[in-house]
$ cat final38.txt   # compact mmCIF, C-alpha atoms and all ligand atoms
# COMPACT_ATOMS: atom_id res chain seq x y z
CA MET A 1 -16.47 10.77 37.81
CA GLU A 2 -13.40 9.31 39.49
CA SER A 3 -12.63 7.13 36.49
CA ASN A 4 -12.96 10.10 34.09
CA ARG A 5 -10.43 11.94 36.20
CA ASN A 6 -8.05 9.01 36.14
CA LYS A 7 -8.41 8.73 32.37
CA LEU A 8 -7.74 12.43 32.09
CA ILE A 9 -4.56 12.12 34.15
CA GLU A 10 -3.47 9.14 32.07
CA LEU A 11 -4.01 11.00 28.79
CA LEU A 12 -2.18 14.09 30.01
CA SER A 13 0.65 12.03 31.54
CA ALA A 14 1.10 10.02 28.36
CA SER A 15 1.83 13.14 26.35
CA ARG A 16 4.43 14.27 28.93
CA ASP A 17 5.06 18.00 28.52
CA LYS A 18 3.22 18.39 25.22
CA TYR A 19 -0.18 20.13 25.20
CA VAL A 20 -3.29 18.03 24.72
CA SER A 21 -6.25 19.81 23.16
CA GLY A 22 -9.54 20.16 25.00
CA GLN A 23 -11.27 18.80 21.88
CA PHE A 24 -9.17 15.60 21.93
CA LEU A 25 -9.82 15.10 25.66
CA SER A 26 -13.54 15.69 25.32
CA GLU A 27 -13.76 13.17 22.45
CA LYS A 28 -11.73 10.54 24.30
CA LEU A 29 -13.75 10.87 27.49
CA ASP A 30 -17.03 11.55 25.73
CA ILE A 31 -17.79 14.55 27.93
CA SER A 32 -18.15 18.27 27.14
CA ARG A 33 -15.22 20.68 27.07
CA SER A 34 -16.67 22.55 30.01
CA ALA A 35 -16.76 19.27 31.96
CA ILE A 36 -13.07 18.81 31.09
CA TRP A 37 -12.37 22.29 32.41
CA LYS A 38 -14.20 21.47 35.68
CA HIS A 39 -12.12 18.31 36.09
CA MET A 40 -8.97 20.36 35.64
CA ARG A 41 -10.00 22.68 38.49
CA GLU A 42 -10.68 19.63 40.69
CA LEU A 43 -7.27 18.19 39.85
CA GLU A 44 -5.66 21.47 40.88
CA LYS A 45 -7.36 21.22 44.26
CA ASP A 46 -5.64 17.83 44.64
CA GLY A 47 -2.20 19.32 44.06
CA TYR A 48 -1.81 18.97 40.29
CA LYS A 49 -0.58 22.06 38.48
CA ILE A 50 -2.13 22.26 35.05
CA GLU A 51 -1.35 24.81 32.42
CA GLY A 52 -4.11 25.66 29.96
CA VAL A 53 -3.19 27.65 26.85
CA SER A 54 -5.83 28.72 24.36
CA ARG A 55 -5.61 26.98 20.96
CA LYS A 56 -2.98 24.58 22.36
CA GLY A 57 -4.70 22.77 25.17
CA TYR A 58 -3.63 21.49 28.56
CA ARG A 59 -0.52 19.99 30.07
CA ILE A 60 0.41 18.88 33.57
CA ILE A 61 3.38 20.82 34.90
CA LYS A 62 3.44 19.35 38.39
CA PHE A 63 2.05 16.25 40.00
CA PRO A 64 1.04 16.13 43.66
CA ASP A 65 3.61 14.66 46.04
CA LYS A 66 1.49 11.67 46.99
CA VAL A 67 2.50 8.28 45.65
CA SER A 68 0.38 6.75 42.90
CA GLU A 69 0.94 4.94 39.62
CA ASN A 70 0.64 8.22 37.72
CA THR A 71 2.78 10.38 39.99
CA LEU A 72 5.51 7.74 40.00
CA GLN A 73 5.49 7.36 36.23
CA TRP A 74 5.76 11.09 35.69
CA GLY A 75 9.45 11.98 35.47
CA LEU A 76 10.61 8.40 36.06
CA GLN A 77 14.02 8.15 34.38
CA THR A 78 14.06 4.46 33.51
CA GLN A 79 13.81 2.44 30.32
CA TRP A 80 12.10 -0.68 31.62
CA LEU A 81 11.96 -0.70 35.42
CA GLY A 82 8.63 0.56 36.69
CA LYS A 83 7.05 0.84 33.25
CA LYS A 84 4.28 -1.08 34.97
CA ILE A 85 3.55 0.03 38.53
CA ILE A 86 0.83 -1.39 40.73
CA HIS A 87 0.10 0.89 43.67
CA ARG A 88 -2.19 0.07 46.58
CA GLU A 89 -3.10 2.32 49.48
CA ALA A 90 -3.15 -0.66 51.82
CA ILE A 91 -2.19 -4.28 51.29
CA SER A 92 -1.19 -7.27 53.42
CA THR A 93 2.28 -7.45 51.84
CA THR A 94 3.59 -6.28 48.48
CA GLN A 95 5.57 -9.54 48.27
CA GLN A 96 2.41 -11.61 47.96
CA LEU A 97 0.91 -9.42 45.24
CA ALA A 98 4.27 -9.47 43.45
CA HIS A 99 4.28 -13.27 43.40
CA LYS A 100 0.70 -13.38 42.14
CA THR A 101 1.42 -10.76 39.47
CA ALA A 102 4.58 -12.59 38.37
CA GLN A 103 2.76 -15.91 38.16
CA GLU A 104 0.12 -14.31 35.96
CA GLY A 105 2.96 -13.44 33.58
CA THR A 106 3.93 -9.79 33.99
CA ASN A 107 6.91 -8.02 32.40
CA ASN A 108 10.41 -7.90 33.81
CA GLY A 109 10.63 -4.73 35.91
CA THR A 110 7.06 -4.57 37.22
CA VAL A 111 6.89 -2.69 40.53
CA ILE A 112 4.41 -3.28 43.34
CA ILE A 113 4.17 -0.56 45.95
CA ALA A 114 1.90 0.25 48.88
CA ASP A 115 1.36 3.16 51.27
CA GLU A 116 0.78 0.69 54.08
CA GLN A 117 1.28 -3.03 54.71
CA THR A 118 -0.76 -4.79 57.35
CA GLU A 119 1.36 -7.96 57.29
CA GLY A 120 4.76 -6.70 56.14
CA LYS A 121 7.29 -9.55 55.97
CA GLY A 122 10.86 -9.31 57.13
CA ARG A 123 13.65 -11.87 56.80
CA MET A 124 13.46 -15.02 58.89
CA ASN A 125 9.69 -14.71 59.16
CA ARG A 126 9.89 -11.53 61.18
CA HIS A 127 7.18 -8.89 60.97
CA TRP A 128 8.11 -5.73 59.06
CA HIS A 129 6.45 -2.67 60.50
CA SER A 130 5.12 -0.64 57.51
CA SER A 131 2.92 2.24 58.62
CA LYS A 132 0.89 4.41 56.29
CA GLY A 133 2.84 6.91 54.22
CA LYS A 134 5.92 6.72 56.45
CA GLY A 135 8.17 4.68 54.24
CA VAL A 136 8.81 2.89 50.99
CA TRP A 137 7.26 -0.57 50.93
CA MET A 138 8.02 -1.87 47.48
CA SER A 139 8.64 -5.14 45.61
CA LEU A 140 10.37 -5.41 42.23
CA ILE A 141 9.63 -8.31 39.89
CA LEU A 142 12.69 -9.31 37.86
CA LYS A 143 13.41 -12.06 35.39
CA PRO A 144 17.20 -12.20 35.35
CA ASP A 145 18.97 -14.58 33.02
CA ILE A 146 21.32 -15.95 35.68
CA PRO A 147 21.52 -19.33 37.42
CA PRO A 148 19.46 -19.57 40.63
CA ASN A 149 22.57 -19.89 42.83
CA LEU A 150 23.59 -16.34 41.85
CA ALA A 151 20.30 -14.77 43.00
CA PRO A 152 21.80 -13.65 46.36
CA GLN A 153 24.02 -11.31 44.33
CA LEU A 154 20.88 -9.36 43.41
CA THR A 155 20.22 -8.74 47.09
CA LEU A 156 23.74 -7.42 47.52
CA LEU A 157 23.27 -5.26 44.43
CA THR A 158 20.04 -3.86 45.90
CA ALA A 159 21.80 -3.00 49.14
CA THR A 160 24.46 -1.02 47.22
CA VAL A 161 21.75 0.84 45.29
CA LEU A 162 19.97 1.86 48.49
CA ALA A 163 23.23 2.91 50.15
CA GLU A 164 24.19 5.01 47.13
CA VAL A 165 20.81 6.72 46.90
CA PHE A 166 20.66 7.46 50.65
CA SER A 167 24.14 8.86 50.56
CA SER A 168 23.65 11.09 47.51
CA TYR A 169 20.04 12.16 48.11
CA THR A 170 19.87 12.52 51.88
CA ASN A 171 23.53 13.22 52.52
CA THR A 172 23.71 10.54 55.19
CA ASN A 173 26.50 8.02 55.72
CA PRO A 174 24.85 4.62 55.19
CA LYS A 175 26.55 1.31 55.86
CA ILE A 176 25.53 -2.15 54.69
CA LYS A 177 25.49 -4.66 57.49
CA TRP A 178 26.02 -8.18 56.20
CA PRO A 179 24.13 -9.54 54.47
CA ASN A 180 21.88 -6.64 53.54
CA ASP A 181 20.61 -4.31 56.24
CA ILE A 182 21.16 -0.64 55.60
CA LEU A 183 22.27 1.16 58.74
CA ILE A 184 22.72 4.81 59.48
CA GLU A 185 24.61 5.63 62.66
CA ASP A 186 24.48 1.93 63.60
CA ARG A 187 20.69 1.68 63.34
CA LYS A 188 18.64 -0.06 60.67
CA THR A 189 16.93 2.20 58.13
CA ALA A 190 16.14 -0.32 55.43
CA GLY A 191 15.90 -4.05 54.85
CA ILE A 192 15.70 -6.26 51.79
CA LEU A 193 13.81 -9.51 51.32
CA THR A 194 14.53 -11.49 48.15
CA GLU A 195 12.29 -14.38 47.17
CA MET A 196 12.60 -16.50 44.08
CA GLN A 197 10.67 -18.93 41.96
CA ALA A 198 13.06 -21.19 40.11
CA GLU A 199 13.57 -24.55 38.50
CA GLN A 200 16.81 -26.44 39.02
CA ASP A 201 18.89 -24.34 36.65
CA GLN A 202 16.60 -21.49 35.66
CA ILE A 203 15.03 -18.57 37.47
CA GLN A 204 11.40 -17.95 36.61
CA TYR A 205 11.30 -14.71 38.52
CA VAL A 206 12.76 -12.96 41.53
CA VAL A 207 10.88 -10.64 43.87
CA ILE A 208 13.07 -8.10 45.62
CA GLY A 209 11.21 -6.48 48.48
CA MET A 210 12.63 -3.37 50.05
CA GLY A 211 11.39 -1.66 53.15
CA ILE A 212 12.73 1.80 53.96
CA ASN A 213 11.86 3.80 57.04
CA VAL A 214 11.67 7.29 55.58
CA ASN A 215 9.48 9.71 57.50
CA THR A 216 8.93 7.61 60.61
CA ALA A 217 9.21 9.60 63.84
CA ALA A 218 11.05 8.13 66.84
CA GLU A 219 7.82 7.54 68.78
CA GLU A 220 6.36 5.58 65.86
CA ILE A 221 9.10 2.94 66.01
CA PRO A 222 7.82 -0.10 67.93
CA ASP A 223 9.27 -0.40 71.45
CA ASP A 224 11.02 -3.72 70.85
CA ILE A 225 13.20 -2.30 68.06
CA ARG A 226 13.48 1.33 69.18
CA ASN A 227 17.19 1.19 69.91
CA LYS A 228 17.99 -0.75 66.75
CA ALA A 229 15.92 1.08 64.12
CA THR A 230 15.93 4.54 62.64
CA SER A 231 14.53 6.47 59.68
CA LEU A 232 15.87 8.99 57.19
CA ARG A 233 13.84 11.65 58.97
CA MET A 234 15.23 10.75 62.38
CA GLU A 235 18.77 10.94 61.02
CA THR A 236 18.40 14.14 59.05
CA GLY A 237 15.62 16.04 60.82
CA GLU A 238 13.85 16.38 57.46
CA ASN A 239 10.79 14.85 55.87
CA TRP A 240 11.65 13.28 52.52
CA ASN A 241 9.49 13.22 49.42
CA LEU A 242 8.61 9.54 48.93
CA LYS A 243 7.90 9.91 45.22
CA ASP A 244 11.30 11.47 44.50
CA LEU A 245 13.07 8.88 46.61
CA ILE A 246 11.32 5.98 44.85
CA GLN A 247 12.07 7.41 41.41
CA ARG A 248 15.75 7.77 42.31
CA ILE A 249 15.90 4.22 43.64
CA LEU A 250 14.29 2.81 40.50
CA ALA A 251 16.64 4.75 38.20
CA ALA A 252 19.73 3.74 40.21
CA PHE A 253 18.56 0.14 40.41
CA GLU A 254 18.06 -0.09 36.66
CA THR A 255 21.56 1.24 35.99
CA GLY A 256 23.12 -1.06 38.61
CA TYR A 257 21.22 -4.10 37.34
CA GLU A 258 22.30 -3.49 33.75
CA THR A 259 25.93 -3.10 34.82
CA TYR A 260 25.64 -6.33 36.79
CA MET A 261 24.18 -8.14 33.77
CA THR A 262 27.05 -7.02 31.53
CA ASP A 263 30.03 -6.90 33.93
CA GLY A 264 28.99 -9.46 36.53
CA PHE A 265 29.58 -9.29 40.26
CA PRO A 266 32.95 -7.45 40.63
CA PRO A 267 31.49 -3.88 40.50
CA VAL A 268 28.79 -4.89 43.03
CA LYS A 269 31.37 -6.43 45.34
CA GLN A 270 33.48 -3.29 45.16
CA LYS A 271 30.56 -1.02 46.01
CA TRP A 272 29.27 -3.34 48.70
CA GLU A 273 32.68 -3.37 50.37
CA HIS A 274 32.86 0.42 50.10
CA TYR A 275 29.72 0.66 52.23
CA GLY A 276 30.35 -2.51 54.27
CA TYR A 277 29.71 -2.13 57.99
CA LYS A 278 32.74 -2.96 60.15
CA ILE A 279 34.93 -4.10 57.27
CA GLY A 280 38.47 -4.42 58.59
CA GLU A 281 37.21 -4.79 62.16
CA ARG A 282 37.25 -7.72 64.55
CA LEU A 283 34.06 -9.73 64.87
CA PHE A 284 33.04 -12.39 67.34
CA ILE A 285 31.63 -15.35 65.39
CA LYS A 286 29.62 -18.20 66.83
CA THR A 287 28.67 -21.32 64.85
CA LEU A 288 27.28 -24.63 66.06
CA ARG A 289 30.81 -26.04 66.33
CA LYS A 290 32.97 -23.16 67.57
CA GLU A 291 33.21 -19.50 68.55
CA TRP A 292 36.13 -17.20 67.83
CA TYR A 293 37.36 -13.73 66.90
CA ALA A 294 38.39 -12.94 63.32
CA THR A 295 38.77 -9.93 61.03
CA PHE A 296 35.94 -9.13 58.60
CA ILE A 297 37.57 -8.58 55.20
CA GLY A 298 34.70 -8.49 52.68
CA ILE A 299 32.16 -10.62 50.82
CA GLY A 300 32.48 -13.59 48.48
CA GLU A 301 30.94 -14.03 45.03
CA ASP A 302 28.11 -15.96 46.64
CA GLY A 303 27.42 -13.25 49.19
CA ALA A 304 29.21 -15.12 51.98
CA LEU A 305 31.00 -13.19 54.71
CA LEU A 306 34.78 -13.37 54.24
CA ILE A 307 36.86 -13.43 57.38
CA GLN A 308 40.55 -13.71 58.00
CA ASN A 309 41.49 -15.90 60.92
CA ASP A 310 44.46 -15.09 63.12
CA ASP A 311 46.52 -17.83 61.41
CA GLY A 312 46.14 -15.83 58.15
CA GLY A 313 43.64 -18.22 56.57
CA VAL A 314 40.59 -16.77 54.81
CA GLU A 315 37.26 -18.43 55.52
CA LYS A 316 33.74 -18.05 54.12
CA ILE A 317 30.89 -17.84 56.59
CA TYR A 318 27.36 -18.55 55.38
CA SER A 319 25.45 -18.61 58.61
CA ALA A 320 26.55 -17.80 62.10
CA GLU A 321 25.69 -15.63 65.05
CA ILE A 322 27.85 -12.57 64.82
CA GLU A 323 28.47 -9.96 67.45
CA TRP A 324 28.71 -6.74 65.55
C1 LIG A 401 14.35 -7.42 56.54
O1 LIG A 401 13.95 -8.22 57.39
O2 LIG A 401 15.32 -6.71 56.76
C2 LIG A 401 13.67 -7.32 55.20
C3 LIG A 401 12.50 -6.39 55.22
C4 LIG A 401 11.80 -6.29 53.88
C5 LIG A 401 10.54 -5.45 53.95
C6 LIG A 401 9.94 -5.21 52.61
S1 LIG A 401 8.71 -3.97 52.61
C7 LIG A 401 8.26 -4.38 50.99
C8 LIG A 401 8.26 -5.88 50.91
N1 LIG A 401 7.01 -6.39 51.41
C9 LIG A 401 7.15 -7.08 52.52
O3 LIG A 401 6.23 -7.60 53.16
N2 LIG A 401 8.45 -7.13 52.87
C10 LIG A 401 9.28 -6.40 51.94

$ encode --input "final38.txt" --output "structure tokens"
Amino acid sequence: MESNRNKLIELLSASRDKYVSGQFLSEKLDISRSAIWKHMRELEKDGYKIEGVSRKGYRIIKFPDKVSENTLQWGLQTQWLGKKIIHREAISTTQQLAHKTAQEGTNNGTVIIADEQTEGKGRMNRHWHSSKGKGVWMSLILKPDIPPNLAPQLTLLTATVLAEVFSSYTNTNPKIKWPNDILIEDRKTAGILTEMQAEQDQIQYVVIGMGINVNTAAEEIPDDIRNKATSLRMETGENWNLKDLIQRILAAFETGYETYMTDGFPPVKQKWEHYGYKIGERLFIKTLRKEWYATFIGIGEDGALLIQNDDGGVEKIYSAEIEW
């Protein structure tokens, strides 16, 4: 029953806004036309809007708002990103499934997404809180033809894509905190975790994981990060449609990635610096050897933090404790 319904959705989705005849559907599924009609009524109860026109057939005119492979595919404005989507209601971490899927040999642009992660991974082995249906927990599998040392640029690119989509879709004022946290009003809304499988001079694949707090309410944010984290809902007072947000991110990512592949890093750097948190401000920097104040002036080609010291010299910082 369930699988007939999924096949039905697949057949209707594949033909986009064209009508599919009841005869064709009943032959494909090997069930009667009245059984097809009953399935359609059931789909409508689940939030699908289906138009049935005599002598033409059926077409889906609206998908439900929930996230699934089918609902994400419908209306997705990309050429290659997300042509294959693997959706799970619950998973340990989408990163792990992305690695497995990549190692089995999937296409460039495969997307792994979950409603909930039980062992969400953050940077530096931190836990990433990913509660059910409250955010976007998604990993992209990419096979970029760039040397492995340039992979950090993809993380910076991803940060600019998220900042642009948040700004245009939710009308917020996002900032990218070096290297790649997305903040709104000084609190973290999204984080990016990039992992890579590479040989010395060739990338096999990259997994870009993004975690976005979308409809999380203040009381759902764990105590230990409550004053550092936020969500799109907390900042705007609105619940956001996850499916629409994901589709916009995928479309913007595809465009940004293609521009990066043809024009290289300069456009990414420019956008990153446009959204850069505290660019032009004084930072307190602490490394193993020294601690000092300097002015944050931008990012380097390798994603390093560029600072200007008080003697006028420009320095690249790769890892340090920074007081923001
Ligand atoms: C960070 O620490 O800022 C990075 C957080 C990355 C979280 C995302 S959610 C989707 C993907 N799966 C994971 O387990 N982590 C990344």

$ residues_around --input "final38.txt" --residues "Trp74 of chain A" --least-positions-apart "2" --cutoff "12 Å" --atoms "only C-alpha atoms" --output "MDAnalysis selection string"
chainID A and resid 9:17 48 60:65 67:72 76:78 82:83 85 243:244 246:247

$ residues_near_ligand --input "final38.txt" --ligand "ligand LIG 401 (chain A)" --cutoff "9 Å" --atoms "all atoms listed in the file" --output "ChimeraX atom specification"
/A:92-96,98,112-114,117-130,135-140,180-182,188,190-194,207-212

$ atom_distance --input "final38.txt" --atom1 "atom CA of Glu199 of chain A" --atom2 "atom CA of Thr259 of chain A"
25.0 Å

$ closest_residue --input "final38.txt" --among "A:Ser231, A:Arg59, A:Glu116, A:Trp292" --to "His87 of chain A" --atoms "all atoms listed in the file"
A:Glu116

$ residues_near_point --input "final38.txt" --point "(18.9, -5.7, 70.4)" --cutoff "12 Å" --atoms "only C-alpha atoms" --output "list in words"
Asp186, Arg187, Lys188, Asp223, Asp224, Ile225, Arg226, Asn227, Lys228, Ala229, Glu323 and Trp324 of chain A

$ atom_distance --input "final38.txt" --atom1 "atom CA of Thr155 of chain A" --atom2 "atom CA of Tyr318 of chain A"
14.7 Å

$ residues_around --input "final38.txt" --residues "Lys316 of chain A" --least-positions-apart "6" --cutoff "7 Å" --atoms "all atoms listed in the file" --output "PyMOL selection string"
chain A and resi 304-307

$ closest_residue --input "final38.txt" --among "A:Ala90, A:Leu183, A:Val111, A:Ala294" --to "Gly313 of chain A" --atoms "only C-alpha atoms"
A:Ala294

$ residues_around --input "final38.txt" --residues "Val161 of chain A" --least-positions-apart "2" --cutoff "10 Å" --atoms "only C-alpha atoms" --output "JSON, numbers by chain"
{"A": [155, 156, 157, 158, 159, 163, 164, 165, 166, 167, 248, 249, 250, 251, 252, 253, 254, 255, 256, 257, 268, 271, 272]}

$ closest_residue --input "final38.txt" --among "A:Lys66, A:Lys7, A:Lys134, A:Arg55" --to "Leu232 of chain A" --atoms "only C-alpha atoms"
A:Lys134

$ atom_distance --input "final38.txt" --atom1 "atom CA of Glu281 of chain A" --atom2 "atom CA of Ser168 of chain A"
25.5 Å

$ closest_residue --input "final38.txt" --among "A:Asp302, A:Glu291, A:Glu51, A:Glu104" --to "Ala151 of chain A" --atoms "all atoms listed in the file"
A:Asp302

$ closest_residue --input "final38.txt" --among "A:Leu245, A:Ile141, A:Ile146, A:Ile299" --to "His99 of chain A" --atoms "only C-alpha atoms"
A:Ile141

$ residues_around --input "final38.txt" --residues "Arg282 of chain A" --least-positions-apart "4" --cutoff "7 Å" --atoms "all atoms listed in the file" --output "JSON, numbers by chain"
{"A": [293, 294, 295, 296]}

$ axis_aligned_box --input "final38.txt" --around "segment 1-18 of chain A" --padding-each-side "4 Å" --output "lines of an AutoDock Vina configuration file"
center_x = -5.7
center_y = 12.8
center_z = 32.4
size_x = 29.5
size_y = 19.3
size_z = 22.3

$ closest_residue --input "final38.txt" --among "A:Pro222, A:Pro179, A:Gly280, A:Gly300" --to "Ala320 of chain A" --atoms "only C-alpha atoms"
A:Pro179
